[in-house]
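A.B. asks: Can you keep this structure in mind? I'll have questions shortly.
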Amino acid sequence: MWAIDPLLAVLLVSVVVLPAVRLRWLSFAGAVAAFVVGWVTLTAGSWQGASVLLTFFVTSSALSRWRAERKQRMEFLTARGSQRGAAQVIANGGVASVCIALYALSGESSWWLGFAGAYAAATADTWSSEIGALSPNPPRHVLSGRRLQAGDSGGVTPLGILAGCAGSTVIASVAWAVHPTSVVQTLAVALGGMSGNLLDSVLGATLQARYRCMQCGEVIERSEHCGLPARQVAGWRWMSNDMVNLFCTLMGAATGFFSYTLSS
């Protein structure tokens with residue numbers, strides 16, 4: 001890969017992050033985290049790594065604002081809105097940043113595949129959530145199959161599953177286009193993204209912390225809602241949505257990483 005001067009990387013990353021703040025795709029804290037993730041990716045992974053990161057960031061940010069008026073219930077339950085904060089940025093990009101840094105230090109292609117797999121999982125999860133929220137069919141619990149309301153943790157729809165598969169495939173294709181690997185490894189990256197997305201749904205349905213708002217009575221993902229502390233009713237307190245996303249990307253990265261060993 002072509003090396004990029006760290007000072008030039010500062011300028012290039014700023015060109016992307018500052019407009020994202022103006023467009024309200026990122027909060028201030030989210031912008032700082034995104035800058036760090038972008039700088040590490042660009043200096044360690046050059047334009048190839050940046051291509052994968054930008055594909056995830058631009059498509060996911062655009063989808064989060066696409067038909068936002070129809071996703072009001074999901075935003076109401078998660079209390080996240082369309083802006084990405086620091087925790088979200090780290091949950092989605094932290095594992096990939098470690099992988100690309102290790103790739104730059106070691107030169108081992110397994111770390112590149114881990115990097116691509118992490119973003120395949122993050123993209124699959126985001127596309128699945130944002131597009132699945134527009135499904136005309138109500139979501140079903142990923143394990144029991146019972147009907148849920150839109151935005152409930154652990155719910156899946158056919159549209160959301162297809163969107164997640166598409167997002168994972170797009171990242172795997174971009175990663176292959178800028179850094180060709182074997183067919184088996186490329187497919188493993190796509191599969192890692194899909195597996196990470198499935199794990200996200202399972203953890204959301206079982207271990208993710210859920211709270212009941214003391215004001216509106218809704219079961220939500222955050223410990224505060226409607227300006228008041230909420231009461232935990234299920235899951236593990238430390239297993240927040242951001243932690244679920246972190247495990248999602250770990251699954252994607254692990255699948256990509258180990259595909260190199262198994263196919264070599």
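To be explicit about the labels: the chains of the structure tokens are called A, B, and onward in the order shown, and within each one the residues are counted from 1, while ligands get numbers from 1 in the order they are shown.
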Run DSSP on the backbone and give me the residues of range 92-261 of chain A it puts in strand (DSSP E), as a PDB file with N, CA and C atoms, in the first residue's frame.
C.D. replies:
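Output saved as out.pdb:
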```
ATOM      1  N   ARG A 140     -40.096  -9.706  13.675  1.00  0.00           N
ATOM      2  CA  ARG A 140     -40.285 -10.913  14.472  1.00  0.00           C
ATOM      3  C   ARG A 140     -39.074 -11.111  15.369  1.00  0.00           C
ATOM      4  N   HIS A 141     -39.317 -11.645  16.546  1.00  0.00           N
ATOM      5  CA  HIS A 141     -38.217 -11.961  17.460  1.00  0.00           C
ATOM      6  C   HIS A 141     -37.298 -12.955  16.768  1.00  0.00           C
ATOM      7  N   GLY A 155     -35.545  -7.739  17.004  1.00  0.00           N
ATOM      8  CA  GLY A 155     -36.519  -7.952  15.952  1.00  0.00           C
ATOM      9  C   GLY A 155     -35.872  -7.965  14.576  1.00  0.00           C
ATOM     10  N   VAL A 156     -36.344  -8.832  13.708  1.00  0.00           N
ATOM     11  CA  VAL A 156     -35.832  -8.903  12.336  1.00  0.00           C
ATOM     12  C   VAL A 156     -37.002  -8.937  11.361  1.00  0.00           C
ATOM     13  N   ARG A 210     -32.384  -3.585  28.808  1.00  0.00           N
ATOM     14  CA  ARG A 210     -33.590  -2.868  28.408  1.00  0.00           C
ATOM     15  C   ARG A 210     -34.203  -2.223  29.645  1.00  0.00           C
ATOM     16  N   TYR A 211     -34.801  -1.096  29.442  1.00  0.00           N
ATOM     17  CA  TYR A 211     -35.322  -0.277  30.531  1.00  0.00           C
ATOM     18  C   TYR A 211     -36.762   0.117  30.238  1.00  0.00           C
ATOM     19  N   ARG A 212     -37.501   0.397  31.298  1.00  0.00           N
ATOM     20  CA  ARG A 212     -38.855   0.919  31.129  1.00  0.00           C
ATOM     21  C   ARG A 212     -38.860   2.383  31.538  1.00  0.00           C
ATOM     22  N   VAL A 219     -40.652   0.327  26.720  1.00  0.00           N
ATOM     23  CA  VAL A 219     -39.428  -0.420  26.975  1.00  0.00           C
ATOM     24  C   VAL A 219     -38.384   0.071  25.981  1.00  0.00           C
ATOM     25  N   ILE A 220     -37.254   0.542  26.495  1.00  0.00           N
ATOM     26  CA  ILE A 220     -36.276   1.264  25.677  1.00  0.00           C
ATOM     27  C   ILE A 220     -34.874   0.679  25.885  1.00  0.00           C
ATOM     28  N   GLU A 224     -31.936   6.437  30.406  1.00  0.00           N
ATOM     29  CA  GLU A 224     -32.701   7.664  30.615  1.00  0.00           C
ATOM     30  C   GLU A 224     -33.643   7.862  29.437  1.00  0.00           C
ATOM     31  N   HIS A 225     -34.812   8.388  29.717  1.00  0.00           N
ATOM     32  CA  HIS A 225     -35.783   8.624  28.651  1.00  0.00           C
ATOM     33  C   HIS A 225     -36.789   9.647  29.133  1.00  0.00           C
ATOM     34  N   LEU A 228     -35.936  11.510  32.266  1.00  0.00           N
ATOM     35  CA  LEU A 228     -35.942  10.889  33.592  1.00  0.00           C
ATOM     36  C   LEU A 228     -35.165   9.581  33.568  1.00  0.00           C
ATOM     37  N   PRO A 229     -34.609   9.144  34.718  1.00  0.00           N
ATOM     38  CA  PRO A 229     -33.978   7.823  34.779  1.00  0.00           C
ATOM     39  C   PRO A 229     -35.018   6.744  34.519  1.00  0.00           C
ATOM     40  N   ARG A 231     -36.094   2.449  34.559  1.00  0.00           N
ATOM     41  CA  ARG A 231     -35.879   1.270  35.398  1.00  0.00           C
ATOM     42  C   ARG A 231     -35.506   0.084  34.529  1.00  0.00           C
ATOM     43  N   GLN A 232     -34.402  -0.596  34.885  1.00  0.00           N
ATOM     44  CA  GLN A 232     -33.969  -1.757  34.106  1.00  0.00           C
ATOM     45  C   GLN A 232     -34.954  -2.904  34.308  1.00  0.00           C
ATOM     46  N   VAL A 233     -35.353  -3.537  33.205  1.00  0.00           N
ATOM     47  CA  VAL A 233     -36.328  -4.624  33.286  1.00  0.00           C
ATOM     48  C   VAL A 233     -35.803  -5.916  32.673  1.00  0.00           C
ATOM     49  N   ALA A 234     -34.677  -5.864  31.943  1.00  0.00           N
ATOM     50  CA  ALA A 234     -34.159  -7.084  31.316  1.00  0.00           C
ATOM     51  C   ALA A 234     -32.702  -6.875  30.912  1.00  0.00           C
TER      52      ALA A 234
END
```
A.B. asks: Counting only C-alpha atoms, what is within 8 Å of Val17 in chain A, bar same-chain residues fewer than 6 positions away, as a list in words?
C.D. replies: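 After dropping sequence-adjacent residues, the list is Ala31, Ala34 and Phe35 of chain A.
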A.B. asks: Using DSSP on the backbone coordinates, identify the residues of range 9-101 of chain A assigned to alpha helix (DSSP H); present them as a PyMOL selection string.
C.D. replies: chain A and resi 9-22+28-65+72-78+86-101
A.B. asks: Could you tell me how far CA of Ala91 in chain A lies from CA of Asn245 in chain A, in Å and to one decimal?
C.D. replies: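 Taking CA of Ala91 in chain A and CA of Asn245 in chain A, their separation equals 5.7 Å.
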A.B. asks: How far is it from CA of Ser168 in chain A to CA of Ala150 in chain A, in Å with one decimal?
C.D. replies: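 Those two atoms sit 22.4 Å apart.
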A.B. asks: For CA of Val189 in chain A and CA of Gly252 in chain A, determine how far apart the two atoms are, in Å to one decimal place.
C.D. replies: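 Separation between CA of Val189 in chain A and CA of Gly252 in chain A: 7.1 Å.
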A.B. asks: Residues within 12 Å of Pro180 in chain A, please, as a list in words. Count only C-alpha atoms; anything in the same chain fewer than 6 positions from it doesn't count.
C.D. replies: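 Final neighbour list, sorted by chain and number: Gln48, Ser109, Trp112, Leu113, Ala116, Ala172, Ser173, Val174 and Thr186 of chain A.
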A.B. asks: Residues as selected, N, CA and C atoms, written as a compact mmCIF listing (two decimals), in the first residue's frame, can you do that?
C.D. replies:
```txt
# COMPACT_ATOMS: atom_id res chain seq x y z
N GLN A 48 -6.72 2.50 0.30
CA GLN A 48 -7.51 1.27 0.25
C GLN A 48 -8.36 1.14 1.51
N SER A 109 -1.88 -10.34 5.72
CA SER A 109 -3.17 -10.09 5.08
C SER A 109 -4.36 -10.50 5.94
N TRP A 112 -5.88 -7.49 7.34
CA TRP A 112 -6.70 -6.75 6.38
C TRP A 112 -8.09 -7.37 6.27
N LEU A 113 -8.15 -8.69 6.23
CA LEU A 113 -9.44 -9.37 6.16
C LEU A 113 -10.26 -9.14 7.44
N ALA A 116 -11.69 -5.62 7.04
CA ALA A 116 -12.83 -5.62 6.13
C ALA A 116 -14.04 -6.31 6.75
N ALA A 172 -17.55 -6.14 1.26
CA ALA A 172 -16.65 -7.20 0.80
C ALA A 172 -16.19 -6.93 -0.63
N SER A 173 -17.09 -6.41 -1.46
CA SER A 173 -16.74 -6.12 -2.85
C SER A 173 -15.77 -4.96 -2.95
N VAL A 174 -16.00 -3.91 -2.16
CA VAL A 174 -15.09 -2.76 -2.17
C VAL A 174 -13.72 -3.18 -1.65
N THR A 186 -12.87 -13.41 0.20
CA THR A 186 -13.85 -12.34 -0.03
C THR A 186 -15.24 -12.77 0.43
```
A.B. asks: Which residues come within 9 Å of Gly117 in chain A, counting only C-alpha atoms, excluding same-chain residues fewer than 2 positions away, as an mmCIF file with all heavy atoms, in the first residue's frame?
C.D. replies:
```
data_model
loop_
_atom_site.group_PDB
_atom_site.id
_atom_site.type_symbol
_atom_site.label_atom_id
_atom_site.label_comp_id
_atom_site.auth_asym_id
_atom_site.auth_seq_id
_atom_site.Cartn_x
_atom_site.Cartn_y
_atom_site.Cartn_z
ATOM 1 N N ALA A 96 -12.057 -2.387 13.781
ATOM 2 C CA ALA A 96 -11.450 -2.253 12.459
ATOM 3 C C ALA A 96 -10.164 -1.435 12.521
ATOM 4 O O ALA A 96 -9.182 -1.740 11.826
ATOM 5 C CB ALA A 96 -12.441 -1.609 11.494
ATOM 6 N N TRP A 112 -5.880 -7.489 7.345
ATOM 7 C CA TRP A 112 -6.697 -6.749 6.376
ATOM 8 C C TRP A 112 -8.087 -7.367 6.274
ATOM 9 O O TRP A 112 -9.090 -6.662 6.241
ATOM 10 C CB TRP A 112 -6.025 -6.745 4.995
ATOM 11 C CG TRP A 112 -6.960 -6.268 3.917
ATOM 12 C CD1 TRP A 112 -7.717 -7.040 3.083
ATOM 13 C CD2 TRP A 112 -7.301 -4.908 3.605
ATOM 14 N NE1 TRP A 112 -8.495 -6.247 2.262
ATOM 15 C CE2 TRP A 112 -8.253 -4.947 2.564
ATOM 16 C CE3 TRP A 112 -6.877 -3.675 4.095
ATOM 17 C CZ2 TRP A 112 -8.795 -3.784 2.010
ATOM 18 C CZ3 TRP A 112 -7.429 -2.516 3.552
ATOM 19 C CH2 TRP A 112 -8.368 -2.579 2.522
ATOM 20 N N LEU A 113 -8.149 -8.692 6.235
ATOM 21 C CA LEU A 113 -9.441 -9.371 6.163
ATOM 22 C C LEU A 113 -10.256 -9.139 7.436
ATOM 23 O O LEU A 113 -11.479 -9.030 7.384
ATOM 24 C CB LEU A 113 -9.229 -10.867 5.931
ATOM 25 C CG LEU A 113 -8.636 -11.225 4.561
ATOM 26 C CD1 LEU A 113 -8.190 -12.685 4.542
ATOM 27 C CD2 LEU A 113 -9.631 -10.954 3.445
ATOM 28 N N GLY A 114 -9.566 -9.059 8.583
ATOM 29 C CA GLY A 114 -10.264 -8.725 9.820
ATOM 30 C C GLY A 114 -10.827 -7.320 9.772
ATOM 31 O O GLY A 114 -11.958 -7.071 10.214
ATOM 32 N N PHE A 115 -10.049 -6.387 9.243
ATOM 33 C CA PHE A 115 -10.494 -5.004 9.071
ATOM 34 C C PHE A 115 -11.747 -4.953 8.188
ATOM 35 O O PHE A 115 -12.761 -4.332 8.548
ATOM 36 C CB PHE A 115 -9.359 -4.194 8.435
ATOM 37 C CG PHE A 115 -9.752 -2.863 7.867
ATOM 38 C CD1 PHE A 115 -9.959 -1.762 8.688
ATOM 39 C CD2 PHE A 115 -9.900 -2.697 6.490
ATOM 40 C CE1 PHE A 115 -10.317 -0.526 8.158
ATOM 41 C CE2 PHE A 115 -10.248 -1.477 5.954
ATOM 42 C CZ PHE A 115 -10.459 -0.390 6.791
ATOM 43 N N TYR A 119 -15.914 -4.005 9.221
ATOM 44 C CA TYR A 119 -16.777 -3.014 8.577
ATOM 45 C C TYR A 119 -17.925 -3.663 7.817
ATOM 46 O O TYR A 119 -18.997 -3.052 7.665
ATOM 47 C CB TYR A 119 -15.965 -2.092 7.672
ATOM 48 C CG TYR A 119 -15.378 -0.927 8.434
ATOM 49 C CD1 TYR A 119 -14.015 -0.670 8.432
ATOM 50 C CD2 TYR A 119 -16.195 -0.093 9.200
ATOM 51 C CE1 TYR A 119 -13.475 0.384 9.156
ATOM 52 C CE2 TYR A 119 -15.671 0.954 9.931
ATOM 53 C CZ TYR A 119 -14.307 1.191 9.902
ATOM 54 O OH TYR A 119 -13.802 2.232 10.633
ATOM 55 N N ALA A 120 -17.730 -4.892 7.347
ATOM 56 C CA ALA A 120 -18.844 -5.606 6.723
ATOM 57 C C ALA A 120 -19.956 -5.839 7.742
ATOM 58 O O ALA A 120 -21.149 -5.677 7.437
ATOM 59 C CB ALA A 120 -18.354 -6.938 6.153
ATOM 60 N N ALA A 121 -19.571 -6.199 8.975
ATOM 61 C CA ALA A 121 -20.558 -6.415 10.031
ATOM 62 C C ALA A 121 -21.235 -5.115 10.444
ATOM 63 O O ALA A 121 -22.462 -5.060 10.622
ATOM 64 C CB ALA A 121 -19.892 -7.064 11.239
ATOM 65 N N ALA A 122 -20.441 -4.045 10.600
ATOM 66 C CA ALA A 122 -21.017 -2.750 10.984
ATOM 67 C C ALA A 122 -21.986 -2.256 9.920
ATOM 68 O O ALA A 122 -23.052 -1.710 10.236
ATOM 69 C CB ALA A 122 -19.896 -1.732 11.195
ATOM 70 N N SER A 168 -23.259 -6.001 3.693
ATOM 71 C CA SER A 168 -22.062 -6.799 3.896
ATOM 72 C C SER A 168 -21.381 -7.119 2.572
ATOM 73 O O SER A 168 -20.151 -7.053 2.456
ATOM 74 C CB SER A 168 -22.434 -8.097 4.629
ATOM 75 O OG SER A 168 -21.282 -8.872 4.886
ATOM 76 N N ILE A 171 -19.444 -4.047 1.151
ATOM 77 C CA ILE A 171 -18.137 -3.839 1.785
ATOM 78 C C ILE A 171 -17.135 -4.888 1.320
ATOM 79 O O ILE A 171 -15.968 -4.570 1.028
ATOM 80 C CB ILE A 171 -18.270 -3.872 3.314
ATOM 81 C CG1 ILE A 171 -19.050 -2.651 3.800
ATOM 82 C CG2 ILE A 171 -16.894 -3.918 3.976
ATOM 83 C CD1 ILE A 171 -18.353 -1.323 3.561
ATOM 84 N N ALA A 172 -17.551 -6.144 1.260
ATOM 85 C CA ALA A 172 -16.655 -7.202 0.804
ATOM 86 C C ALA A 172 -16.192 -6.929 -0.627
ATOM 87 O O ALA A 172 -15.017 -7.159 -0.962
ATOM 88 C CB ALA A 172 -17.353 -8.561 0.886
ATOM 89 N N ALA A 188 -15.768 -14.929 2.714
ATOM 90 C CA ALA A 188 -15.714 -15.007 4.174
ATOM 91 C C ALA A 188 -15.947 -13.643 4.801
ATOM 92 O O ALA A 188 -16.581 -13.535 5.862
ATOM 93 C CB ALA A 188 -14.368 -15.574 4.619
ATOM 94 N N VAL A 189 -15.433 -12.594 4.164
ATOM 95 C CA VAL A 189 -15.670 -11.236 4.670
ATOM 96 C C VAL A 189 -17.169 -10.927 4.640
ATOM 97 O O VAL A 189 -17.730 -10.409 5.616
ATOM 98 C CB VAL A 189 -14.880 -10.202 3.845
ATOM 99 C CG1 VAL A 189 -15.347 -8.783 4.190
ATOM 100 C CG2 VAL A 189 -13.384 -10.342 4.108
ATOM 101 N N ALA A 190 -17.805 -11.261 3.517
ATOM 102 C CA ALA A 190 -19.250 -11.024 3.409
ATOM 103 C C ALA A 190 -20.009 -11.857 4.437
ATOM 104 O O ALA A 190 -20.935 -11.360 5.097
ATOM 105 C CB ALA A 190 -19.729 -11.352 1.995
ATOM 106 N N LEU A 191 -19.609 -13.112 4.597
ATOM 107 C CA LEU A 191 -20.264 -13.983 5.578
ATOM 108 C C LEU A 191 -20.030 -13.486 6.996
ATOM 109 O O LEU A 191 -20.918 -13.553 7.847
ATOM 110 C CB LEU A 191 -19.727 -15.413 5.432
ATOM 111 C CG LEU A 191 -20.318 -16.450 6.394
ATOM 112 C CD1 LEU A 191 -21.827 -16.573 6.179
ATOM 113 C CD2 LEU A 191 -19.645 -17.807 6.189
ATOM 114 N N GLY A 192 -18.824 -12.958 7.242
ATOM 115 C CA GLY A 192 -18.545 -12.400 8.562
ATOM 116 C C GLY A 192 -19.466 -11.248 8.894
ATOM 117 O O GLY A 192 -19.930 -11.114 10.028
ATOM 118 N N GLY A 193 -19.724 -10.407 7.896
ATOM 119 C CA GLY A 193 -20.653 -9.302 8.104
ATOM 120 C C GLY A 193 -22.050 -9.791 8.435
ATOM 121 O O GLY A 193 -22.721 -9.277 9.341
ATOM 122 N N GLY A 196 -22.045 -11.330 11.935
ATOM 123 C CA GLY A 196 -22.035 -10.281 12.942
ATOM 124 C C GLY A 196 -23.406 -9.655 13.113
ATOM 125 O O GLY A 196 -23.835 -9.362 14.248
ATOM 126 N N THR A 249 -19.043 -6.317 15.422
ATOM 127 C CA THR A 249 -17.852 -6.090 14.605
ATOM 128 C C THR A 249 -16.736 -7.078 14.950
ATOM 129 O O THR A 249 -15.952 -7.457 14.075
ATOM 130 C CB THR A 249 -17.340 -4.648 14.748
ATOM 131 O OG1 THR A 249 -17.053 -4.352 16.123
ATOM 132 C CG2 THR A 249 -18.374 -3.658 14.236
ATOM 133 N N LEU A 250 -16.658 -7.508 16.207
ATOM 134 C CA LEU A 250 -15.684 -8.531 16.577
ATOM 135 C C LEU A 250 -15.957 -9.833 15.836
ATOM 136 O O LEU A 250 -15.024 -10.514 15.376
ATOM 137 C CB LEU A 250 -15.727 -8.772 18.088
ATOM 138 C CG LEU A 250 -14.908 -7.829 18.964
ATOM 139 C CD1 LEU A 250 -15.226 -8.071 20.440
ATOM 140 C CD2 LEU A 250 -13.404 -8.031 18.722
ATOM 141 N N MET A 251 -17.220 -10.193 15.713
ATOM 142 C CA MET A 251 -17.579 -11.400 14.973
ATOM 143 C C MET A 251 -17.164 -11.281 13.506
ATOM 144 O O MET A 251 -16.581 -12.203 12.922
ATOM 145 C CB MET A 251 -19.088 -11.654 15.072
ATOM 146 C CG MET A 251 -19.590 -12.756 14.150
ATOM 147 S SD MET A 251 -18.951 -14.395 14.567
ATOM 148 C CE MET A 251 -20.094 -14.856 15.882
ATOM 149 N N GLY A 252 -17.457 -10.126 12.911
ATOM 150 C CA GLY A 252 -17.079 -9.917 11.515
ATOM 151 C C GLY A 252 -15.576 -9.970 11.330
ATOM 152 O O GLY A 252 -15.073 -10.589 10.377
ATOM 153 N N ALA A 253 -14.841 -9.330 12.245
ATOM 154 C CA ALA A 253 -13.382 -9.308 12.153
ATOM 155 C C ALA A 253 -12.808 -10.709 12.334
ATOM 156 O O ALA A 253 -11.886 -11.113 11.604
ATOM 157 C CB ALA A 253 -12.807 -8.364 13.205
ATOM 158 N N ALA A 254 -13.310 -11.469 13.293
ATOM 159 C CA ALA A 254 -12.803 -12.817 13.550
ATOM 160 C C ALA A 254 -13.029 -13.727 12.352
ATOM 161 O O ALA A 254 -12.146 -14.523 11.987
ATOM 162 C CB ALA A 254 -13.472 -13.401 14.795
ATOM 163 N N THR A 255 -14.205 -13.609 11.724
ATOM 164 C CA THR A 255 -14.492 -14.444 10.562
ATOM 165 C C THR A 255 -13.541 -14.120 9.415
ATOM 166 O O THR A 255 -12.996 -15.022 8.766
ATOM 167 C CB THR A 255 -15.943 -14.245 10.104
ATOM 168 O OG1 THR A 255 -16.828 -14.499 11.195
ATOM 169 C CG2 THR A 255 -16.289 -15.178 8.956
ATOM 170 N N GLY A 256 -13.337 -12.845 9.152
ATOM 171 C CA GLY A 256 -12.402 -12.453 8.105
ATOM 172 C C GLY A 256 -10.981 -12.879 8.426
ATOM 173 O O GLY A 256 -10.264 -13.407 7.565
ATOM 174 N N PHE A 257 -10.559 -12.666 9.660
ATOM 175 C CA PHE A 257 -9.193 -12.990 10.086
ATOM 176 C C PHE A 257 -8.893 -14.472 9.922
ATOM 177 O O PHE A 257 -7.876 -14.859 9.330
ATOM 178 C CB PHE A 257 -8.998 -12.569 11.541
ATOM 179 C CG PHE A 257 -7.638 -12.881 12.089
ATOM 180 C CD1 PHE A 257 -6.595 -11.976 11.934
ATOM 181 C CD2 PHE A 257 -7.386 -14.066 12.767
ATOM 182 C CE1 PHE A 257 -5.326 -12.247 12.444
ATOM 183 C CE2 PHE A 257 -6.126 -14.342 13.266
ATOM 184 C CZ PHE A 257 -5.097 -13.436 13.101
#
```
A.B. asks: What's the 12 Å shell around Ala9 in chain A, counting only C-alpha atoms, without same-chain residues fewer than 5 positions away, as a list of chain:residue names?
C.D. replies: A:Ala3, A:Ile4, A:Ser14, A:Val15, A:Val16, A:Val17, A:Phe35, A:Val36, A:Val37, A:Gly38, A:Trp39, A:Val40, A:Thr41, A:Leu42, A:Thr43, A:Ala44, A:Gly45, A:Ser46, A:Trp47, A:Ala50
A.B. asks: Selected residues, N, CA, C and O atoms, written as a compact mmCIF listing (two decimals), in the first residue's frame, please.
C.D. replies:
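Below is the file part_39.txt, written as the result:
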```txt
# COMPACT_ATOMS: atom_id res chain seq x y z
N ALA A 3 2.18 4.63 1.26
CA ALA A 3 2.20 5.30 2.56
C ALA A 3 1.67 6.73 2.41
O ALA A 3 1.92 7.39 1.41
N ILE A 4 0.91 7.17 3.40
CA ILE A 4 0.38 8.53 3.41
C ILE A 4 0.98 9.26 4.60
O ILE A 4 0.96 8.76 5.74
N SER A 14 -9.94 15.62 7.94
CA SER A 14 -10.71 16.82 8.30
C SER A 14 -11.68 17.20 7.19
O SER A 14 -12.80 17.67 7.46
N VAL A 15 -11.29 16.99 5.95
CA VAL A 15 -12.15 17.31 4.81
C VAL A 15 -13.43 16.50 4.84
O VAL A 15 -14.48 16.95 4.38
N VAL A 16 -13.37 15.30 5.41
CA VAL A 16 -14.55 14.44 5.51
C VAL A 16 -15.33 14.71 6.80
O VAL A 16 -16.56 14.81 6.79
N VAL A 17 -14.62 14.83 7.92
CA VAL A 17 -15.27 14.94 9.22
C VAL A 17 -15.99 16.28 9.41
O VAL A 17 -17.13 16.32 9.90
N PHE A 35 -12.53 11.29 13.75
CA PHE A 35 -11.24 11.79 13.28
C PHE A 35 -10.13 10.80 13.62
O PHE A 35 -9.28 10.48 12.78
N VAL A 36 -10.15 10.28 14.85
CA VAL A 36 -9.12 9.32 15.27
C VAL A 36 -9.21 8.04 14.44
O VAL A 36 -8.20 7.54 13.93
N VAL A 37 -10.43 7.52 14.28
CA VAL A 37 -10.63 6.31 13.49
C VAL A 37 -10.18 6.54 12.04
O VAL A 37 -9.48 5.70 11.45
N GLY A 38 -10.56 7.69 11.48
CA GLY A 38 -10.19 7.99 10.11
C GLY A 38 -8.70 8.16 9.93
O GLY A 38 -8.11 7.69 8.94
N TRP A 39 -8.07 8.84 10.88
CA TRP A 39 -6.62 9.08 10.78
C TRP A 39 -5.84 7.77 10.87
O TRP A 39 -4.93 7.53 10.08
N VAL A 40 -6.22 6.91 11.81
CA VAL A 40 -5.56 5.61 11.93
C VAL A 40 -5.75 4.79 10.66
O VAL A 40 -4.81 4.18 10.14
N THR A 41 -6.97 4.80 10.14
CA THR A 41 -7.26 4.02 8.94
C THR A 41 -6.47 4.52 7.74
O THR A 41 -5.92 3.73 6.96
N LEU A 42 -6.39 5.84 7.59
CA LEU A 42 -5.70 6.41 6.43
C LEU A 42 -4.18 6.23 6.52
O LEU A 42 -3.53 5.88 5.53
N THR A 43 -3.62 6.45 7.70
CA THR A 43 -2.17 6.31 7.83
C THR A 43 -1.73 4.85 7.79
O THR A 43 -0.66 4.53 7.28
N ALA A 44 -2.55 3.96 8.34
CA ALA A 44 -2.18 2.54 8.37
C ALA A 44 -2.65 1.79 7.13
O ALA A 44 -1.98 0.87 6.66
N GLY A 45 -3.79 2.19 6.58
CA GLY A 45 -4.37 1.45 5.45
C GLY A 45 -4.38 2.19 4.14
O GLY A 45 -4.89 1.66 3.14
N SER A 46 -3.84 3.42 4.12
CA SER A 46 -3.76 4.23 2.90
C SER A 46 -5.16 4.39 2.29
O SER A 46 -6.16 4.27 2.97
N TRP A 47 -5.19 4.67 0.97
CA TRP A 47 -6.47 4.94 0.33
C TRP A 47 -7.34 3.69 0.26
O TRP A 47 -8.57 3.78 0.21
N ALA A 50 -9.13 3.59 3.54
CA ALA A 50 -10.06 4.72 3.57
C ALA A 50 -11.27 4.45 2.69
O ALA A 50 -12.39 4.87 3.01
```
A.B. asks: Show which residues sit within 10 Å of Arg24 in chain A, as a list in words. Count only C-alpha atoms, and ignore same-chain residues fewer than 3 positions away.
C.D. replies: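 Listed by chain and then number, they are Leu18, Pro19, Ala20, Val21, Ser27, Phe28, Ala31, Ser61, Arg65, Ser82, Gln83 and Arg84 of chain A.
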A.B. asks: Quick one: residues within 6 Å of Val244 in chain A, only C-alpha atoms counted, chain neighbours fewer than 3 positions away excluded, as a PyMOL selection string?
C.D. replies: chain A and resi 200+241+247
A.B. asks: Take the selection from the previous step and output its residues with all heavy atoms, as a short mmCIF file (atom, residue, chain, number, x, y, z; two decimals), in the first residue's frame.
C.D. replies:
```cif
data_model
loop_
_atom_site.label_atom_id
_atom_site.label_comp_id
_atom_site.auth_asym_id
_atom_site.auth_seq_id
_atom_site.Cartn_x
_atom_site.Cartn_y
_atom_site.Cartn_z
N ASP A 200 -25.69 -9.64 16.45
CA ASP A 200 -26.25 -8.39 16.97
C ASP A 200 -27.72 -8.57 17.35
O ASP A 200 -28.16 -8.15 18.43
CB ASP A 200 -26.10 -7.29 15.92
CG ASP A 200 -26.53 -5.93 16.40
OD1 ASP A 200 -27.76 -5.68 16.45
OD2 ASP A 200 -25.67 -5.09 16.70
N ASN A 241 -26.44 -1.06 23.74
CA ASN A 241 -26.50 -1.21 22.28
C ASN A 241 -25.12 -1.03 21.66
O ASN A 241 -24.77 -1.71 20.70
CB ASN A 241 -27.48 -0.20 21.69
CG ASN A 241 -27.59 -0.33 20.18
OD1 ASN A 241 -27.02 0.45 19.43
ND2 ASN A 241 -28.33 -1.33 19.72
N PHE A 247 -19.52 -6.25 19.76
CA PHE A 247 -19.44 -7.70 19.56
C PHE A 247 -19.78 -8.07 18.12
O PHE A 247 -19.23 -9.04 17.57
CB PHE A 247 -20.39 -8.41 20.53
CG PHE A 247 -19.83 -8.57 21.92
CD1 PHE A 247 -20.30 -7.79 22.96
CD2 PHE A 247 -18.83 -9.50 22.17
CE1 PHE A 247 -19.78 -7.93 24.24
CE2 PHE A 247 -18.30 -9.65 23.44
CZ PHE A 247 -18.77 -8.86 24.50
#
```
A.B. asks: Restricting the calculation to only C-alpha atoms, which member of A:Gly93, A:Cys226, A:Ala166, A:Ser144 is positioned closest to Thr206 in chain A?
C.D. replies: A:Ser144
A.B. asks: For Ser259 in chain A, which of A:Ser110, A:Cys165, A:Asn197, A:Pro158 is the closest residue, counting only C-alpha atoms?
C.D. replies: A:Ser110
